[in-house]
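To be precise, the following lines are structure01.csv, and they hold CSV, C-alpha atoms.
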chain,number,residue,atom,x,y,z
A,1,MET,CA,-14.3,9.7,-4.8
A,2,LYS,CA,-16.6,9.2,-1.9
A,3,GLU,CA,-16.2,5.5,-2.1
A,4,LEU,CA,-12.4,5.9,-2.2
A,5,VAL,CA,-12.4,7.9,1.0
A,6,GLU,CA,-14.6,5.3,2.6
A,7,VAL,CA,-12.4,2.4,1.5
A,8,LEU,CA,-9.2,4.1,2.8
A,9,ALA,CA,-10.7,5.3,6.1
A,10,LYS,CA,-12.3,1.9,6.9
A,11,ALA,CA,-8.9,0.2,6.2
A,12,LEU,CA,-7.1,2.5,8.6
A,13,VAL,CA,-9.4,2.7,11.6
A,14,ASP,CA,-10.3,0.3,14.5
A,15,HIS,CA,-14.0,0.9,14.2
A,16,PRO,CA,-14.9,0.7,10.5
A,17,ASP,CA,-18.6,0.7,11.2
A,18,MET,CA,-18.3,4.2,12.7
A,19,VAL,CA,-17.0,5.6,9.4
A,20,THR,CA,-19.3,7.9,7.5
A,21,VAL,CA,-18.6,9.8,4.4
A,22,ASP,CA,-20.7,12.5,2.8
A,23,MET,CA,-20.1,14.3,-0.4
A,24,ILE,CA,-21.5,17.8,-0.9
A,25,GLU,CA,-21.6,19.3,-4.4
A,26,LYS,CA,-20.9,23.0,-4.5
A,27,GLU,CA,-20.8,25.3,-7.4
A,28,LYS,CA,-17.1,24.9,-8.2
A,29,SER,CA,-16.1,22.1,-6.0
A,30,TYR,CA,-17.0,18.9,-4.1
A,31,VAL,CA,-16.6,18.7,-0.4
A,32,ILE,CA,-16.1,15.3,1.1
A,33,GLU,CA,-16.8,15.1,4.8
A,34,LEU,CA,-15.2,12.2,6.7
A,35,ARG,CA,-16.4,11.3,10.1
A,36,VAL,CA,-14.8,8.6,12.3
A,37,ALA,CA,-15.0,7.4,15.9
A,38,PRO,CA,-13.3,9.9,18.3
A,39,ASP,CA,-10.5,7.5,19.2
A,40,ASP,CA,-9.8,6.8,15.5
A,41,MET,CA,-9.1,10.5,14.6
A,42,GLY,CA,-5.4,10.0,14.9
A,43,LYS,CA,-5.6,7.0,12.5
A,44,VAL,CA,-6.9,9.2,9.7
A,45,ILE,CA,-4.9,12.3,10.4
A,46,GLY,CA,-1.5,11.0,11.5
A,47,LYS,CA,1.5,12.7,12.8
A,48,GLN,CA,1.6,16.2,11.4
A,49,GLY,CA,-1.3,15.3,9.2
A,50,ARG,CA,0.7,12.8,7.2
A,51,ILE,CA,-2.1,10.3,6.8
A,52,ALA,CA,-4.7,13.0,5.9
A,53,LYS,CA,-2.3,14.3,3.3
A,54,ALA,CA,-1.9,10.9,1.7
A,55,ILE,CA,-5.7,10.4,1.6
A,56,ARG,CA,-6.1,13.9,0.0
A,57,THR,CA,-3.4,13.0,-2.6
A,58,LEU,CA,-5.2,9.9,-3.7
A,59,VAL,CA,-8.6,11.7,-3.8
A,60,LYS,CA,-7.0,14.5,-5.9
A,61,ALA,CA,-5.8,11.8,-8.3
A,62,ALA,CA,-9.2,10.3,-8.5
A,63,ALA,CA,-10.7,13.7,-9.2
A,64,THR,CA,-8.5,14.5,-12.2
A,65,LYS,CA,-11.3,13.4,-14.5
A,66,GLU,CA,-13.7,15.8,-12.8
A,67,ARG,CA,-13.7,19.5,-13.7
A,68,LYS,CA,-14.2,20.5,-10.1
A,69,LYS,CA,-11.9,20.8,-7.1
A,70,VAL,CA,-12.3,18.4,-4.3
A,71,THR,CA,-11.5,19.0,-0.7
A,72,VAL,CA,-11.6,16.3,2.1
A,73,ASP,CA,-12.6,17.5,5.5
A,74,ILE,CA,-12.1,15.3,8.6
A,75,ILE,CA,-14.8,16.2,11.1
B,1,MET,CA,-14.7,-15.7,0.8
B,2,ASN,CA,-12.4,-16.3,3.7
B,3,VAL,CA,-14.2,-18.9,5.7
B,4,VAL,CA,-15.7,-22.2,4.6
B,5,GLU,CA,-17.3,-25.1,6.5
B,6,ARG,CA,-16.9,-28.6,5.2
B,7,THR,CA,-17.8,-32.1,6.4
B,8,GLY,CA,-15.9,-35.4,6.0
B,9,LYS,CA,-15.6,-38.9,7.5
B,10,THR,CA,-12.7,-37.6,9.6
B,11,VAL,CA,-11.6,-34.2,10.7
B,12,ASP,CA,-8.5,-34.5,8.4
B,13,GLU,CA,-10.7,-35.4,5.5
B,14,ALA,CA,-13.0,-32.5,6.0
B,15,VAL,CA,-10.0,-30.1,6.2
B,16,GLU,CA,-8.5,-31.6,3.1
B,17,GLN,CA,-11.7,-31.1,1.3
B,18,ALA,CA,-11.8,-27.5,2.2
B,19,LEU,CA,-8.2,-26.8,1.3
B,20,GLN,CA,-8.5,-28.5,-2.1
B,21,GLU,CA,-11.7,-26.7,-3.0
B,22,MET,CA,-10.5,-23.3,-2.0
B,23,GLN,CA,-6.9,-23.9,-3.2
B,24,TRP,CA,-5.5,-22.9,0.2
B,25,LYS,CA,-2.4,-24.2,1.8
B,26,GLN,CA,-2.3,-25.8,5.2
B,27,ASP,CA,-0.1,-23.1,6.7
B,28,GLU,CA,-2.3,-20.2,5.7
B,29,VAL,CA,-5.4,-21.3,7.5
B,30,GLU,CA,-6.9,-21.7,11.0
B,31,ILE,CA,-8.9,-24.7,11.6
B,32,GLU,CA,-11.8,-25.0,14.0
B,33,VAL,CA,-13.5,-28.3,14.7
B,34,ILE,CA,-17.2,-27.7,15.0
B,35,GLU,CA,-18.2,-31.4,15.4
B,36,GLU,CA,-16.1,-34.5,15.9
B,37,PRO,CA,-17.4,-37.4,13.8
B,38,THR,CA,-19.4,-40.1,15.5
B,39,LYS,CA,-19.4,-43.6,14.3
B,40,GLY,CA,-22.9,-44.7,15.2
B,41,LEU,CA,-24.1,-48.2,15.4
B,42,PHE,CA,-22.1,-50.6,13.2
B,43,GLY,CA,-20.7,-47.6,11.5
B,44,LEU,CA,-24.0,-46.9,10.0
B,45,LEU,CA,-26.9,-45.9,12.2
B,46,GLY,CA,-26.6,-42.5,13.6
B,47,ALA,CA,-23.2,-41.9,12.1
B,48,ARG,CA,-22.3,-38.2,11.9
B,49,PRO,CA,-19.6,-36.7,9.8
B,50,ALA,CA,-16.9,-34.4,11.1
B,51,ARG,CA,-17.6,-30.8,10.6
B,52,VAL,CA,-14.8,-28.2,10.4
B,53,ARG,CA,-14.5,-24.5,9.8
B,54,VAL,CA,-11.5,-23.5,7.8
B,55,LYS,CA,-10.5,-19.8,7.9
B,56,LEU,CA,-7.9,-18.0,5.9
B,57,LYS,CA,-5.4,-16.3,8.2
B,58,GLU,CA,-5.2,-12.6,8.0
B,59,THR,CA,-1.7,-11.6,6.8
B,60,THR,CA,-0.2,-8.4,5.7
B,61,ALA,CA,0.1,-9.6,2.1
B,62,ARG,CA,-3.6,-10.6,1.9
B,63,ARG,CA,-4.8,-7.4,3.5
B,64,ALA,CA,-2.5,-5.3,1.3
B,65,ARG,CA,-3.9,-7.0,-1.9
B,66,ASP,CA,-7.4,-6.5,-0.6
B,67,ILE,CA,-7.0,-2.8,0.0
B,68,VAL,CA,-5.2,-2.1,-3.3
B,69,ASN,CA,-8.0,-3.9,-5.1
B,70,LYS,CA,-10.6,-1.8,-3.4
B,71,VAL,CA,-8.8,1.4,-4.1
B,72,ILE,CA,-8.5,0.5,-7.8
B,73,GLN,CA,-12.1,-0.3,-8.0
B,74,ALA,CA,-13.1,2.9,-6.2
B,75,MET,CA,-11.1,4.9,-8.7
B,76,ASN,CA,-12.8,3.2,-11.6
B,77,LEU,CA,-9.6,1.7,-12.9
B,78,THR,CA,-8.9,-1.8,-14.2
B,79,ALA,CA,-5.6,-3.4,-13.3
B,80,ASP,CA,-3.8,-6.7,-12.7
B,81,ILE,CA,-2.4,-7.1,-9.3
B,82,THR,CA,0.4,-9.5,-8.5
B,83,VAL,CA,1.7,-10.0,-5.0
B,84,THR,CA,5.0,-11.6,-4.2
B,85,GLU,CA,6.8,-12.1,-0.8
B,86,LYS,CA,10.5,-11.8,-0.7
B,87,ASP,CA,12.7,-11.5,2.4
B,88,GLU,CA,10.0,-10.3,4.7
B,89,LYS,CA,8.9,-7.8,2.1
B,90,ILE,CA,5.7,-7.8,0.2
B,91,ILE,CA,6.0,-6.5,-3.3
B,92,ILE,CA,2.8,-5.5,-5.2
B,93,ASN,CA,3.0,-4.9,-8.9
B,94,ILE,CA,0.0,-3.2,-10.5
B,95,ASN,CA,-0.3,-3.4,-14.3
B,96,GLY,CA,-2.9,-2.1,-16.6
B,97,LYS,CA,-4.1,0.7,-18.8
B,98,ASP,CA,-4.3,4.4,-17.9
B,99,LEU,CA,-2.6,4.0,-14.5
B,100,GLY,CA,-0.8,7.3,-14.8
B,101,ILE,CA,-3.2,9.0,-12.4
B,102,LEU,CA,-2.3,6.4,-9.8
B,103,ILE,CA,1.4,7.2,-10.2
B,104,GLY,CA,1.0,11.0,-10.1
B,105,ARG,CA,3.6,13.6,-10.5
B,106,ARG,CA,7.0,12.2,-9.6
B,107,GLY,CA,5.2,9.2,-8.1
B,108,GLU,CA,3.5,11.3,-5.5
B,109,THR,CA,0.2,9.4,-5.7
B,110,LEU,CA,2.0,6.0,-5.8
B,111,ASP,CA,3.9,7.0,-2.6
B,112,ALA,CA,0.7,8.0,-0.9
B,113,LEU,CA,-1.0,4.7,-1.8
B,114,GLN,CA,2.1,2.8,-0.6
B,115,TYR,CA,2.1,4.7,2.7
B,116,LEU,CA,-1.6,4.1,3.4
B,117,VAL,CA,-1.4,0.4,2.4
B,118,ASN,CA,1.6,-0.1,4.7
B,119,LEU,CA,-0.4,1.4,7.6
B,120,SER,CA,-3.6,-0.4,7.1
B,121,ALA,CA,-2.2,-3.8,6.1
B,122,ASN,CA,0.0,-3.9,9.2
B,123,LYS,CA,-2.7,-2.6,11.5
B,124,ASN,CA,-2.8,-4.5,14.8
B,125,LEU,CA,-0.5,-7.2,13.5
B,126,GLU,CA,2.4,-8.2,15.8
B,127,LYS,CA,4.8,-8.8,13.0
B,128,ARG,CA,5.0,-5.9,10.5
B,129,LYS,CA,6.1,-6.4,7.0
B,130,ARG,CA,7.0,-3.7,4.5
B,131,VAL,CA,4.8,-3.3,1.5
B,132,LEU,CA,6.4,-2.0,-1.7
B,133,ILE,CA,4.1,-1.0,-4.5
B,134,ASP,CA,5.1,-0.5,-8.1
B,135,ILE,CA,2.9,0.5,-11.1
B,136,GLU,CA,3.9,-0.4,-14.6
B,137,GLY,CA,7.6,-0.6,-13.6
B,138,TYR,CA,7.6,3.1,-12.7
B,139,ARG,CA,10.0,2.7,-9.7
B,140,LYS,CA,12.6,0.9,-11.8
B,141,ARG,CA,12.4,3.5,-14.6
B,142,ARG,CA,12.6,6.3,-12.0
B,143,GLU,CA,15.7,4.8,-10.4
B,144,GLU,CA,17.4,4.7,-13.8
B,145,THR,CA,16.5,8.3,-14.5
B,146,LEU,CA,17.8,9.4,-11.1
B,147,ARG,CA,21.1,7.5,-11.5
B,148,LYS,CA,21.7,9.1,-14.9
B,149,LEU,CA,20.8,12.5,-13.4
B,150,ALA,CA,23.3,11.9,-10.6
B,151,PHE,CA,26.1,11.1,-12.9
B,152,LYS,CA,25.4,14.1,-15.1
B,153,LEU,CA,25.2,16.5,-12.2
B,154,ALA,CA,28.3,15.1,-10.6
B,155,GLU,CA,30.2,15.9,-13.8
B,156,LYS,CA,28.8,19.4,-13.7
B,157,ALA,CA,29.8,19.9,-10.1
B,158,LYS,CA,33.3,18.8,-10.9
B,159,GLN,CA,33.7,21.0,-14.0
B,160,ARG,CA,32.4,24.1,-12.4
B,161,GLY,CA,34.0,23.5,-9.0
B,162,ARG,CA,30.8,24.5,-7.3
B,163,ASN,CA,28.0,22.9,-5.3
B,164,ILE,CA,25.0,21.6,-7.3
B,165,VAL,CA,21.7,21.6,-5.4
B,166,LEU,CA,19.1,19.1,-6.5
B,167,GLU,CA,15.4,19.6,-6.1
B,168,PRO,CA,13.6,18.1,-3.0
B,169,MET,CA,13.2,14.4,-3.0
B,170,ASN,CA,12.0,11.8,-0.6
B,171,SER,CA,14.3,9.5,1.3
B,172,MET,CA,14.0,6.6,-1.1
B,173,GLU,CA,15.0,8.8,-4.1
B,174,ARG,CA,17.8,10.5,-2.2
B,175,ARG,CA,19.2,7.1,-1.3
B,176,ILE,CA,19.4,6.1,-5.0
B,177,ILE,CA,21.5,9.2,-5.7
B,178,HIS,CA,23.8,8.9,-2.7
B,179,THR,CA,24.3,5.2,-3.6
B,180,ALA,CA,25.0,6.0,-7.2
B,181,LEU,CA,27.8,8.4,-6.3
B,182,GLN,CA,29.2,6.9,-3.1
B,183,ASN,CA,32.3,5.4,-4.7
B,184,ARG,CA,33.5,8.6,-6.3
B,185,ASP,CA,36.6,10.4,-5.0
B,186,ASP,CA,36.2,13.6,-6.9
B,187,ILE,CA,32.8,14.6,-5.5
B,188,TYR,CA,30.7,13.8,-2.4
B,189,THR,CA,27.0,14.1,-1.6
B,190,PHE,CA,25.0,15.2,1.4
B,191,SER,CA,21.4,16.3,2.2
B,192,GLU,CA,20.2,19.5,3.6
B,193,GLY,CA,16.8,20.9,4.8
B,194,GLU,CA,13.8,19.4,6.5
B,195,GLU,CA,11.4,16.8,5.1
B,196,PRO,CA,9.6,17.0,2.8
B,197,TYR,CA,11.9,19.6,1.3
B,198,ARG,CA,15.1,17.8,2.0
B,199,LYS,CA,17.4,17.9,-0.9
B,200,ILE,CA,20.8,16.6,-2.0
B,201,ILE,CA,23.8,18.7,-2.6
B,202,ILE,CA,26.6,17.4,-4.8
B,203,SER,CA,29.9,19.0,-3.9
B,204,PRO,CA,33.3,18.8,-5.5
B,205,LYS,CA,36.2,17.5,-3.4
B,206,LYS,CA,39.1,19.8,-3.1
Show the structure stored in the file as C-alpha cells.
Amino acid sequence: MKELVEVLAKALVDHPDMVTVDMIEKEKSYVIELRVAPDDMGKVIGKQGRIAKAIRTLVKAAATKERKKVTVDII
Amino acid sequence: MNVVERTGKTVDEAVEQALQEMQWKQDEVEIEVIEEPTKGLFGLLGARPARVRVKLKETTARRARDIVNKVIQAMNLTADITVTEKDEKIIININGKDLGILIGRRGETLDALQYLVNLSANKNLEKRKRVLIDIEGYRKRREETLRKLAFKLAEKAKQRGRNIVLEPMNSMERRIIHTALQNRDDIYTFSEGEEPYRKIIISPKK
C-alpha cells in the first residue's frame, strides 16, 4: 500500500525525488502519510480533492486483503 | 531500458544496430551523435567508429503503460497489459486473475485508476491524449447492462406514466443511457443534480 501511494504520487508530481511516504501501524488501522514538495501539493490533491480521492480509492482497493482500515494523509 | 549507446562504421549503421537490437522504430526515438566516425590513415590506423545515443521518446502511451505496470505490481497482482493506439486515443486492456479489486464497486477503482493514469501520462506533454482503461472487458459488459436497464426502465416509465429516477452515475455511464434511448418518441431522458450525484430521469412524453 505504501509502495502504491509512492508510485502514484511520483507519477503525478514535478519533483518525484521530494516524495516521501510513511506508513504508521495503529491498533485498528494503518495511516499512510504522503509528503510532497510544496508546489506539488495541488498535483496530489486536485480540484476539490479529486486526485486525492482517486488515490484513496486505489489504496482502499489494495487494502481489501488487510483486516485494517487505511487512511491516506497528505501533509 | 530507454537509452542505449551503440557504435558502427557510420552514424546510420550505429543507429540501425541500436534499433534492431532494441526492436524500436525510427520514429519513436531521439538520436544523439556522440562521436562522428574518423577514417584514420588508409582507413585503418587511428580509425574510430561512430558513436550514437539512441533514446526512446516519452509518449503518453509509453508512460501510461509504465504507470499501470507499477500500480499492478504495487498491488501484488499479476496481469497482462496490452496497449493500442486508435484515433488519438490510447486503449489499455488489463487481463489476468483476481482483478476484481482493481475494478471495484461499479468500476469505481477502475475509474480512479484511469483518471490518475490520464493525469500522469499526459503530464507536461504538449499534445494530450486520452487514455481509456478496461479490465477483463468490464466496460463492455457494463455498457450492455446499462443499455438493458435503460430499455427496461423506459418501458416502466411509459406504462406507469411517471418519471423514473435512476441512481447516480458518472458522465460516461449517463451518456450510454441517453444514447440508448435518444431515438424514442414515447419517452425522453435528462439529468439532474450535481456531480458526483448527478442522475438520469426517464420521463414519459405526453
Would you mind listing what lies within 9 Å of Ile177 of chain B as a compact mmCIF listing (two decimals) with C-alpha atoms, in the coordinates of the input, with only C-alpha atoms counted and same-chain residues fewer than 6 positions away left out?
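The resulting result.txt:
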# COMPACT_ATOMS: atom_id res chain seq x y z
CA GLU B 143 15.70 4.80 -10.40
CA LEU B 146 17.80 9.40 -11.10
CA ARG B 147 21.10 7.50 -11.50
CA LEU B 149 20.80 12.50 -13.40
CA ALA B 150 23.30 11.90 -10.60
CA PHE B 151 26.10 11.10 -12.90
CA THR B 189 27.00 14.10 -1.60
CA ILE B 200 20.80 16.60 -2.00
Find the residues of chain A in contact range of chain B, meaning any atom within 7 Å when counting all atoms listed in the file, and list them as a list in words. Met1, Glu3, Leu4, Val7, Ala11, Leu12, Ala54, Thr57, Leu58, Ala61 and Ala62 of chain A
Atom CA of Leu56 of chain B to atom CA of Arg6 of chain B: how many Å, to one decimal? 13.9 Å
Looking at only C-alpha atoms, which of A:Gln48, A:Ala63, A:Pro38, A:Val21 is the one that sits closest to Leu8 of chain A? A:Val21
d(atom CA of Lys9 of chain B, atom CA of Asp27 of chain B) in Å: 22.1 Å
Could you check which of A:Gly46, A:Asp40, A:Ile32, A:Glu6 is closest to Thr20 of chain A, using only C-alpha atoms?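 Ranked by minimum distance to Thr20 of chain A, first place goes to A:Glu6.
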